[in-house]
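Chemist: Got a structure here, written out as structure tokens. Questions coming.
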Amino acid sequence: MLSLFNKKALKAKASSHITFLLLKLHQVNNPKFQIFKSSANNQFYYRLKSINGETILSGEGYTTKQSCVNAIASVKQNAPFDSRYERKDGISNYTFNLKAANGERIGRSENYTSISARENGISAVKRDAPSAPTEDLS
């Protein structure tokens with residue numbers, strides 16, 4: 001039989017492990033921008049990962065990393081505004097583009113199979129992009 005002291009120590013250790021695992025899970029699944037360089041064309045790209053780890057927005061290729069960083073800054077600035085989202089409908093294929101104030105496309109969504117899934121994607125970009133940190137994988 002465990003003594004009261006051993007029970008408290010065991011409970012504290014379990015609590016510590018749970019806290020550690022929750023922190024690790026939070027770090028892995030934080031929304032974030034990722035910058036990466038393509039080996040095929042040596043261009044820099046960004047993608048925005050949502051809290052579930054899925055890519056919800058990606059950018060075109062940029063010849064310099066600084067241009068890619070600037071594109072991320074533009075996404076952060078424009079993401080909160082619904083008027084900046086161009087919704088596209090196809091046959092069982094729904095996407096969106098995020099545009100800057102000047103109308104230039106700064107991000108493209110993944111493909112969605114329903115309008116509601118696309119709207120959830122837009123909501124995720126609005127929620128995640130403005131404060132998402134950037135991870136440089138290049």
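Just so we're on the same page: first chain in the structure tokens is A, next is B, and so on; residues restart at 1 for each chain, and ligands are numbered from 1 in the order they show up.
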I need the residues in range 55-123 of chain A that are strand (DSSP E) according to DSSP; give them as a PyMOL selection string.

Modeler: chain A and resi 55-58+85-90+93-99+105-108

Chemist: Given only C-alpha atoms as the basis, pick out the residue of A:Ala79, A:Ile56, A:Arg84, A:Glu135 nearest to Asn111 in chain A.

Modeler: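 Checking each candidate against Asn111 in chain A, we get A:Ile56 as the closest.
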
Chemist: Would you give me, as CSV, each residue of range 106-133 of chain A having an atom within 8 Å of an atom of range 59-78 of chain A, along with its shortest atom pair and that distance in Å to one decimal, using only C-alpha atoms and sorting by chain and residue number?

Modeler:
```
residue,atom,partner,partner_atom,distance
A:Ile106,CA,A:Gly59,CA,6.2
A:Gly107,CA,A:Gly59,CA,4.7
A:Arg108,CA,A:Gly59,CA,6.3
A:Ala129,CA,A:Lys76,CA,5.3
A:Pro130,CA,A:Lys76,CA,4.3
A:Ser131,CA,A:Lys76,CA,7.3
```

Chemist: Near Leu137 in chain A, within 7 Å and counting only C-alpha atoms, which residues show up once chain neighbours fewer than 3 positions away are dropped, as a list in words?

Modeler: Gln34, Ile35 and Phe36 of chain A

Chemist: Could you give me, as a list in words, the residues within 12 Å of Lys88 in chain A, counting only C-alpha atoms and dropping anything in the same chain fewer than 2 positions from it?

Modeler: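 After dropping sequence-adjacent residues, the list is Tyr85, Glu86, Gly90, Ile91, Ser92, Asn93, Tyr94, Thr95, Phe96, Asn97, Leu98, Arg108, Ser109, Glu110, Asn111, Tyr112, Thr113, Ser114, Ile115, Arg118 and Glu119 of chain A.
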
Chemist: Nearest to Ala124 in chain A: which of A:Asn102, A:Ser58, A:Ser50, A:Ser138 is it, counting only C-alpha atoms?

Modeler: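 So, comparing all the options, the nearest one is A:Ser50.
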
Chemist: Can you list every residue in range 8-125 of chain A that DSSP puts in alpha helix (DSSP H), as a ChimeraX atom specification?

Modeler: /A:8-28,65-78,115-125

Chemist: In Å, how far is it from CA of Val125 in chain A to CA of Gln43 in chain A?

Modeler: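 According to the coordinates, CA of Val125 in chain A and CA of Gln43 in chain A are separated by 23.5 Å.
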
Chemist: So, with only C-alpha atoms as the atoms that count, which of A:Asp128, A:Ala117, A:Asp136, A:Glu54 lies closest to Pro31 in chain A?

Modeler: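 Closest residue, counting only C-alpha atoms: A:Asp128.
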
Chemist: Expressed in Å to a single decimal, how great is the separation between CA of Thr134 in chain A and CA of Phe33 in chain A?

Modeler: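 Between CA of Thr134 in chain A and CA of Phe33 in chain A the gap is 4.6 Å.
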
Chemist: Using only C-alpha atoms, which of A:Ile122, A:Ala40, A:Ser116, A:Ser83 sits nearest Gly103 in chain A?

Modeler: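 Of all the options, A:Ser83 lies closest to Gly103 in chain A.
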
Chemist: Can you measure CA of Pro80 in chain A to CA of Ser123 in chain A for me? One decimal in Å is fine.

Modeler: 9.0 Å

Chemist: I need the residue nearest Ala101 in chain A from this list: A:Asn41, A:Lys32, A:Ala132, A:Asp82. Use only C-alpha atoms for the distance.

Modeler: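 Going through A:Asn41, A:Lys32, A:Ala132, A:Asp82 one by one, the smallest distance to Ala101 in chain A is for A:Asp82.
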
Chemist: Name the closest residue to Phe81 in chain A among the candidates A:Lys126, A:Thr55, A:Arg105, A:Asn30; distances are taken between atoms, counting only C-alpha atoms.

Modeler: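 Using only C-alpha atoms, Phe81 in chain A sits closest to A:Lys126.
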